[in-house]
file my_file_29.cif (mmCIF, C-alpha atoms)
data_query
loop_
_atom_site.label_atom_id
_atom_site.label_comp_id
_atom_site.auth_asym_id
_atom_site.auth_seq_id
_atom_site.Cartn_x
_atom_site.Cartn_y
_atom_site.Cartn_z
CA MET K 1 -18.67 -23.03 68.19
CA SER K 2 -20.27 -20.09 66.34
CA ILE K 3 -24.03 -19.60 66.18
CA LEU K 4 -23.92 -20.31 62.45
CA GLN K 5 -21.98 -23.56 62.93
CA SER K 6 -24.44 -24.64 65.60
CA LEU K 7 -27.36 -23.92 63.28
CA LEU K 8 -25.77 -25.85 60.44
CA ARG K 9 -25.10 -28.87 62.67
CA ARG K 10 -28.68 -28.83 63.99
CA LEU K 11 -30.20 -28.50 60.53
CA ALA K 12 -27.96 -31.22 59.12
CA GLY K 13 -29.13 -33.49 61.91
CA GLN K 14 -32.76 -32.76 61.09
CA ALA K 15 -32.14 -33.48 57.41
CA SER K 16 -30.41 -36.79 58.15
CA THR K 17 -33.54 -38.15 59.87
CA ARG K 18 -35.69 -37.75 56.79
CA THR K 19 -36.46 -40.71 54.56
CA THR K 20 -37.73 -41.12 51.03
CA SER K 21 -41.17 -42.07 52.39
CA GLY K 22 -41.77 -38.75 54.20
CA HIS K 23 -40.84 -35.18 53.39
CA CYS K 24 -37.95 -36.78 51.75
CA ARG K 25 -34.29 -36.16 51.48
CA GLN K 26 -34.10 -37.35 47.89
CA PRO K 27 -30.85 -37.04 45.91
CA GLU K 28 -32.59 -34.60 43.57
CA ALA K 29 -33.17 -32.08 46.37
CA LEU K 30 -29.76 -32.64 47.94
CA SER K 31 -28.12 -31.98 44.61
CA ALA K 32 -30.27 -28.97 43.70
CA PHE K 33 -29.71 -27.26 47.04
CA SER K 34 -26.10 -28.26 47.67
CA VAL K 35 -23.60 -25.49 48.36
CA PRO K 36 -21.89 -25.92 44.95
CA ALA K 37 -25.30 -25.68 43.22
CA LEU K 38 -26.18 -22.56 45.19
CA GLU K 39 -22.76 -21.12 44.33
CA ARG K 40 -23.49 -21.53 40.62
CA ALA K 41 -26.89 -19.96 41.13
CA PHE K 42 -25.38 -17.01 43.01
CA LEU K 43 -23.01 -16.27 40.14
CA ARG K 44 -26.02 -15.99 37.83
CA VAL K 45 -27.88 -13.75 40.24
CA ARG K 46 -24.83 -11.54 40.64
CA ALA K 47 -24.43 -11.28 36.86
CA ASN K 48 -27.98 -9.88 36.63
CA ASN K 49 -26.93 -7.06 38.97
CA GLY K 50 -30.39 -6.67 40.52
CA GLY K 51 -31.34 -4.75 43.63
CA PRO K 52 -32.10 -5.92 47.16
CA GLY K 53 -35.30 -7.58 48.26
CA GLY K 54 -37.44 -6.68 51.23
CA ASP K 55 -34.66 -7.46 53.70
CA GLY K 56 -32.45 -4.72 52.23
CA VAL K 57 -29.48 -7.05 51.65
CA THR K 58 -27.65 -6.07 48.46
CA ILE K 59 -25.78 -8.46 46.20
CA ALA K 60 -22.49 -6.88 47.34
CA ALA K 61 -23.38 -7.41 51.01
CA PHE K 62 -24.40 -11.01 50.33
CA ASP K 63 -21.17 -11.58 48.44
CA ARG K 64 -18.99 -10.40 51.32
CA THR K 65 -20.16 -13.28 53.53
CA ARG K 66 -21.16 -15.56 50.68
CA ALA K 67 -19.69 -18.80 52.00
CA GLU K 68 -21.52 -18.66 55.33
CA ARG K 69 -24.76 -17.44 53.76
CA LEU K 70 -24.79 -20.23 51.17
CA GLN K 71 -24.03 -22.88 53.78
CA ALA K 72 -26.90 -21.66 55.96
CA LEU K 73 -29.25 -21.44 52.98
CA SER K 74 -28.35 -24.96 51.81
CA ALA K 75 -28.91 -26.42 55.27
CA ALA K 76 -32.28 -24.70 55.68
CA LEU K 77 -33.50 -25.81 52.25
CA ILE K 78 -32.43 -29.42 52.73
CA ALA K 79 -33.88 -29.58 56.25
CA GLY K 80 -37.20 -28.22 55.00
CA VAL K 81 -37.16 -25.23 57.38
CA TYR K 82 -36.44 -22.60 54.74
CA ARG K 83 -38.88 -19.70 54.46
CA PRO K 84 -38.61 -16.78 52.00
CA ALA K 85 -37.83 -13.27 53.22
CA PRO K 86 -40.25 -10.43 52.37
CA SER K 87 -40.06 -9.14 48.80
CA ARG K 88 -39.57 -5.52 47.80
CA ARG K 89 -42.56 -4.03 46.00
CA LEU K 90 -42.20 -1.73 42.99
CA MET K 91 -44.62 -0.31 40.46
CA LEU K 92 -43.45 0.04 36.86
CA PRO K 93 -45.24 2.71 34.81
CA LYS K 94 -47.39 1.23 32.05
CA LEU K 95 -50.09 2.46 29.69
CA GLY K 96 -53.45 1.92 31.32
CA GLY K 97 -51.90 1.55 34.79
CA GLY K 98 -48.75 0.34 36.48
CA ARG K 99 -47.25 -3.13 36.51
CA PRO K 100 -46.47 -4.39 40.01
CA LEU K 101 -43.08 -6.00 40.60
CA LEU K 102 -42.05 -8.09 43.58
CA ILE K 103 -38.28 -8.35 44.03
CA PRO K 104 -37.32 -11.33 46.22
CA ALA K 105 -34.37 -11.15 48.59
CA VAL K 106 -30.98 -12.08 47.13
CA ALA K 107 -30.95 -15.36 49.08
CA ASP K 108 -34.37 -16.26 47.72
CA ARG K 109 -33.33 -15.42 44.17
CA VAL K 110 -30.31 -17.69 44.62
CA ALA K 111 -32.51 -20.53 45.90
CA GLN K 112 -35.00 -20.09 43.05
CA THR K 113 -32.23 -20.01 40.46
CA ALA K 114 -30.72 -23.21 41.86
CA TRP K 115 -34.19 -24.79 41.72
CA LEU K 116 -34.52 -23.75 38.08
CA LEU K 117 -31.08 -25.04 37.12
CA ALA K 118 -31.97 -28.43 38.59
CA LEU K 119 -35.53 -28.83 37.30
CA THR K 120 -35.83 -26.86 34.06
CA PRO K 121 -34.49 -29.64 31.76
CA ALA K 122 -36.99 -32.23 32.98
CA ILE K 123 -39.94 -29.83 33.11
CA ASP K 124 -39.16 -28.22 29.76
CA ALA K 125 -39.06 -31.60 28.04
CA ARG K 126 -42.74 -32.06 28.93
CA MET K 127 -43.92 -28.63 27.78
CA HIS K 128 -46.06 -28.40 24.64
CA ALA K 129 -44.23 -27.75 21.38
CA ALA K 130 -46.43 -24.71 20.68
CA SER K 131 -45.22 -22.94 23.83
CA PHE K 132 -42.23 -20.68 23.16
CA ALA K 133 -41.70 -18.26 26.06
CA TYR K 134 -39.12 -18.68 28.84
CA ARG K 135 -37.79 -21.91 27.39
CA PRO K 136 -34.18 -22.84 26.58
CA GLY K 137 -33.32 -22.42 22.91
CA ARG K 138 -36.63 -20.73 22.07
CA GLY K 139 -37.63 -17.13 21.68
CA VAL K 140 -39.74 -14.50 19.96
CA ARG K 141 -38.20 -15.17 16.55
CA ASP K 142 -39.10 -18.85 16.75
CA ALA K 143 -42.68 -18.10 17.81
CA VAL K 144 -43.19 -15.61 14.97
CA ALA K 145 -41.69 -18.05 12.44
CA ALA K 146 -44.08 -20.77 13.62
CA ALA K 147 -47.05 -18.39 13.40
CA ARG K 148 -46.10 -17.30 9.87
CA ALA K 149 -45.72 -20.93 8.82
CA HIS K 150 -49.26 -21.71 9.99
CA VAL K 151 -50.60 -18.79 7.95
CA ALA K 152 -48.56 -19.93 4.95
CA ALA K 153 -50.17 -23.36 5.26
CA GLY K 154 -53.58 -21.77 4.66
CA ARG K 155 -54.78 -21.07 8.19
CA VAL K 156 -55.21 -17.38 7.41
CA HIS K 157 -57.85 -16.54 10.00
CA VAL K 158 -55.86 -15.55 13.07
CA VAL K 159 -57.32 -15.75 16.58
CA ARG K 160 -55.55 -13.27 18.85
CA VAL K 161 -56.08 -13.57 22.59
CA ASP K 162 -54.96 -11.17 25.29
CA ILE K 163 -55.27 -12.33 28.92
CA VAL K 164 -56.18 -9.70 31.48
CA ARG K 165 -53.29 -9.30 33.97
CA CYS K 166 -52.26 -12.95 33.67
CA PHE K 167 -49.40 -12.99 36.17
CA GLU K 168 -51.41 -11.05 38.73
CA THR K 169 -54.47 -13.32 38.60
CA VAL K 170 -52.97 -16.84 38.69
CA LEU K 171 -54.87 -18.77 41.36
CA HIS K 172 -52.48 -20.24 43.92
CA GLY K 173 -54.70 -23.21 44.71
CA ARG K 174 -54.96 -24.26 41.07
CA LEU K 175 -51.24 -23.79 40.50
CA LEU K 176 -50.18 -25.71 43.60
CA ALA K 177 -52.50 -28.56 42.64
CA GLU K 178 -50.53 -28.87 39.38
CA LEU K 179 -47.09 -29.13 41.02
CA PRO K 180 -47.12 -32.85 41.94
CA ARG K 181 -47.61 -33.64 38.25
CA TRP K 182 -44.38 -31.81 37.43
CA ILE K 183 -42.18 -32.14 40.53
CA ASP K 184 -41.53 -35.49 42.22
CA ASP K 185 -39.31 -34.37 45.06
CA PRO K 186 -41.31 -33.09 48.07
CA LEU K 187 -38.55 -30.73 49.22
CA LEU K 188 -38.34 -29.05 45.83
CA ARG K 189 -42.12 -28.94 45.67
CA ALA K 190 -42.35 -27.46 49.17
CA ALA K 191 -39.90 -24.69 48.29
CA ALA K 192 -42.05 -23.75 45.30
CA VAL K 193 -45.14 -23.72 47.52
CA HIS K 194 -43.47 -21.27 49.90
CA TRP K 195 -42.44 -18.99 47.04
CA VAL K 196 -45.95 -18.98 45.56
CA ARG K 197 -47.70 -18.35 48.87
CA SER K 198 -45.30 -15.57 49.84
CA THR K 199 -46.44 -13.58 46.79
CA SER K 200 -49.84 -12.60 48.17
CA ALA K 201 -52.10 -13.37 51.11
CA ALA K 202 -55.06 -13.08 48.72
CA GLY K 203 -54.27 -16.45 47.14
CA ARG K 204 -53.55 -15.26 43.63
CA GLY K 205 -50.72 -13.78 41.59
CA LEU K 206 -47.12 -14.60 40.68
CA ALA K 207 -44.23 -12.34 41.61
CA GLN K 208 -43.20 -10.48 38.47
CA GLY K 209 -39.50 -10.07 39.16
CA ALA K 210 -38.91 -13.51 40.68
CA PRO K 211 -36.75 -16.01 38.72
CA LEU K 212 -39.25 -18.85 39.14
CA SER K 213 -42.41 -17.03 38.03
CA PRO K 214 -42.05 -17.48 34.24
CA LEU K 215 -41.76 -21.26 34.57
CA LEU K 216 -44.71 -21.36 36.98
CA ALA K 217 -46.76 -19.32 34.50
CA ASN K 218 -46.01 -21.89 31.80
CA ILE K 219 -47.06 -24.69 34.13
CA TYR K 220 -50.28 -22.84 34.91
CA LEU K 221 -51.11 -22.33 31.22
CA ASP K 222 -50.11 -25.85 30.13
CA PRO K 223 -53.71 -27.16 30.55
CA LEU K 224 -54.75 -24.57 27.95
CA ASP K 225 -52.12 -25.92 25.57
CA ARG K 226 -53.36 -29.46 26.13
CA ALA K 227 -57.02 -28.49 25.65
CA LEU K 228 -56.27 -26.77 22.35
CA ASP K 229 -54.15 -29.71 21.19
CA ALA K 230 -56.91 -32.18 22.10
CA ALA K 231 -59.38 -30.11 20.06
CA GLY K 232 -57.06 -30.16 17.04
CA VAL K 233 -56.37 -26.42 17.18
CA THR K 234 -53.23 -25.03 15.57
CA PHE K 235 -51.74 -22.36 17.83
CA VAL K 236 -48.65 -20.61 19.14
CA ARG K 237 -48.34 -19.40 22.72
CA TYR K 238 -45.71 -17.02 23.99
CA ALA K 239 -46.39 -16.75 27.74
CA ASP K 240 -49.81 -15.07 27.95
CA ASP K 241 -49.73 -13.95 24.30
CA ILE K 242 -51.74 -16.45 22.24
CA ALA K 243 -52.36 -16.80 18.52
CA ALA K 244 -54.44 -19.61 17.01
CA PHE K 245 -55.01 -20.28 13.33
CA ALA K 246 -58.11 -21.38 11.42
CA ARG K 247 -59.12 -21.91 7.80
CA THR K 248 -62.42 -20.03 8.13
CA GLY K 249 -63.73 -17.17 10.18
CA LYS K 250 -66.40 -19.42 11.73
CA GLU K 251 -63.75 -21.91 12.82
CA GLY K 252 -61.76 -19.01 14.29
CA GLN K 253 -64.74 -17.85 16.34
CA ASP K 254 -65.22 -21.38 17.68
CA VAL K 255 -61.54 -21.51 18.68
CA LEU K 256 -61.83 -18.13 20.43
CA ALA K 257 -64.80 -19.40 22.42
CA LEU K 258 -62.88 -22.56 23.40
CA ILE K 259 -59.90 -20.51 24.59
CA GLN K 260 -62.16 -18.23 26.60
CA ARG K 261 -63.95 -21.16 28.28
CA THR K 262 -60.68 -22.90 29.11
CA LEU K 263 -59.10 -19.77 30.58
CA GLU K 264 -62.17 -19.18 32.72
CA THR K 265 -61.65 -22.59 34.33
CA ARG K 266 -58.19 -21.31 35.33
CA GLY K 267 -59.59 -18.12 36.82
CA LEU K 268 -58.28 -16.04 33.92
CA ALA K 269 -60.17 -13.57 31.76
CA VAL K 270 -59.87 -12.62 28.10
CA ASN K 271 -59.50 -8.94 27.28
CA ALA K 272 -62.38 -8.57 24.82
CA GLY K 273 -61.08 -5.26 23.50
CA LYS K 274 -57.75 -6.79 22.48
CA SER K 275 -58.93 -10.23 21.39
CA GLY K 276 -60.73 -11.42 18.27
CA VAL K 277 -60.48 -13.07 14.87
CA ALA K 278 -58.99 -11.35 11.83
CA HIS K 279 -57.64 -12.31 8.42
CA ALA K 280 -53.85 -12.36 8.26
CA ARG K 281 -53.88 -9.82 5.41
CA SER K 282 -55.76 -7.32 7.58
CA GLY K 283 -52.47 -6.43 9.24
CA VAL K 284 -52.78 -8.65 12.32
CA ALA K 285 -49.50 -8.94 14.23
CA PHE K 286 -48.07 -11.38 16.73
CA LEU K 287 -45.41 -10.29 19.23
CA GLY K 288 -45.16 -7.03 17.33
CA MET K 289 -44.48 -8.69 13.97
CA PRO K 290 -46.98 -8.72 11.06
CA LEU K 291 -48.05 -12.18 9.98
CA ALA K 292 -48.77 -11.21 6.36
CA ASP K 293 -48.12 -8.44 3.87
CA ARG K 294 -51.51 -6.98 2.94
CA ARG K 295 -50.27 -6.10 -0.56
CA LEU K 296 -48.72 -9.41 -1.55
CA GLY K 297 -50.76 -11.87 0.46
CA LEU K 298 -49.60 -15.49 0.45
CA VAL K 299 -46.49 -14.79 -1.65
CA ALA K 300 -45.21 -12.39 1.02
CA ILE K 301 -46.04 -14.86 3.79
CA LEU K 302 -44.06 -17.63 2.10
CA ALA K 303 -41.14 -15.29 1.44
CA ALA K 304 -41.07 -14.15 5.06
CA TRP K 305 -41.20 -17.75 6.27
CA TRP K 306 -38.30 -18.70 3.97
CA ARG K 307 -36.19 -15.73 5.09
CA GLN K 308 -36.85 -16.67 8.71
CA ARG K 309 -35.82 -20.30 8.16
CA ARG K 310 -32.69 -19.28 6.24
CA THR K 311 -31.66 -16.89 9.02
CA GLU K 312 -32.13 -19.62 11.62
CA ARG K 313 -29.99 -22.07 9.65
CA LEU K 314 -27.21 -19.50 9.27
CA ALA K 315 -27.33 -18.71 13.00
CA ALA K 316 -27.32 -22.37 14.03
#
call {"tool": "encode", "arguments": {"input": "my_file_29.cif", "output": "structure tokens"}}
result
Amino acid sequence: MSILQSLLRRLAGQASTRTTSGHCRQPEALSAFSVPALERAFLRVRANNGGPGGDGVTIAAFDRTRAERLQALSAALIAGVYRPAPSRRLMLPKLGGGRPLLIPAVADRVAQTAWLLALTPAIDARMHAASFAYRPGRGVRDAVAAARAHVAAGRVHVVRVDIVRCFETVLHGRLLAELPRWIDDPLLRAAAVHWVRSTSAAGRGLAQGAPLSPLLANIYLDPLDRALDAAGVTFVRYADDIAAFARTGKEGQDVLALIQRTLETRGLAVNAGKSGVAHARSGVAFLGMPLADRRLGLVAILAAWWRQRRTERLAA
């Protein structure tokens, strides 16, 4: 018997002793981390043609012994003994400083992708309607159309909020405390805990470059969405890019203060130099798109909204 076969048999035995009352072997986890599910996830990872993680294993090298690697990965995940490999660190040039990237190992990207394929439908269904980033069937165009519609409805005072290094400052403790509300299966939850904690020993930050990070960022910012909704605020959020809409400048300032207070409870800070309240006709933009034509005012806003809706219907 090979070492790999011995490992698989031992791990399968460990998994079989688990019950739904402990660190459970629920059907959800067994399905998400089955070999066929990991195979589907690998095909997606391979299509992205990314580089190796900290272990140096390339996609091509993983592919050459794919069957054995996926079997071992499935057994480790289901038995609850899986641990992520080190990530590869990169720094992308960016105005005002670099943006750190953490590239997980190929095996870890496969596991995260399988996790996402299994859980995204259920989690996405519970996300706030004003959240548009990293969600199936939604994108920048939809977010801009929603923002323009709010301006067209008379909420012409736009609150723009920029979060300082959002992905890098997410508090692990706060994020992990949210997970039981979103993920029922302990094995799937435990895998997410390992991925979060492997990002940094400092207890904060999400790995920019990891498949799971965008969804975790949405989970982390969901309490902001709920707080704004409870306060009756009209808003659009695209990841950490936020626009809220008010009928008066005073109302806009109150909304800005509410957003700032709520973000502070999450350990996040507002970039004062890039945040504020402005009239839509002043040239304010959202996701790089102007929300109003300064020359034509409301007529231009309504025309832009209609063109956007017509384009969406033609593309549907």
call {"tool": "atom_distance", "arguments": {"input": "my_file_29.cif", "atom1": "atom CA of Leu43 of chain K", "atom2": "atom CA of Ala72 of chain K"}}
result
17.2 Å
call {"tool": "residues_around", "arguments": {"input": "my_file_29.cif", "residues": "segment 262-272 of chain K", "least_positions_apart": "6", "cutoff": "12 Å", "atoms": "only C-alpha atoms", "output": "ChimeraX atom specification"}}
result
/K:160-175,177-178,203-205,217,219-228,231,240-242,255-256
call {"tool": "closest_residue", "arguments": {"input": "my_file_29.cif", "among": "K:Gly288, K:Gly232, K:Gly137, K:Gly80", "to": "Ala125 of chain K", "atoms": "only C-alpha atoms"}}
result
K:Gly137
call {"tool": "resolve_selection", "arguments": {"input": "my_file_29.cif", "expression": "the PyMOL selection byres ((chain K and resi 159) around 9)", "output": "VMD selection string"}}
result
chain K and resid 157 to 158 160 to 161 235 242 to 246 252 to 253 255 to 256 275 to 279
call {"tool": "residues_near_point", "arguments": {"input": "my_file_29.cif", "point": "(-46.9, -25.5, 45.4)", "cutoff": "9 Å", "atoms": "only C-alpha atoms", "output": "list in words"}}
result
His172, Gly173, Leu175, Leu176, Ala177, Glu178, Leu179, Pro180, Arg189, Ala190, Ala191, Ala192, Val193, His194, Trp195, Val196 and Arg197 of chain K
call {"tool": "atom_distance", "arguments": {"input": "my_file_29.cif", "atom1": "atom CA of Gln112 of chain K", "atom2": "atom CA of Trp182 of chain K"}}
result
16.0 Å
call {"tool": "residues_near_point", "arguments": {"input": "my_file_29.cif", "point": "(-40.8, -16.5, 29.1)", "cutoff": "7 Å", "atoms": "all atoms listed in the file", "output": "JSON, numbers by chain"}}
result
{"K": [133, 134, 135, 214, 239]}
call {"tool": "atom_distance", "arguments": {"input": "my_file_29.cif", "atom1": "atom CA of Arg109 of chain K", "atom2": "atom CA of Leu215 of chain K"}}
result
14.0 Å
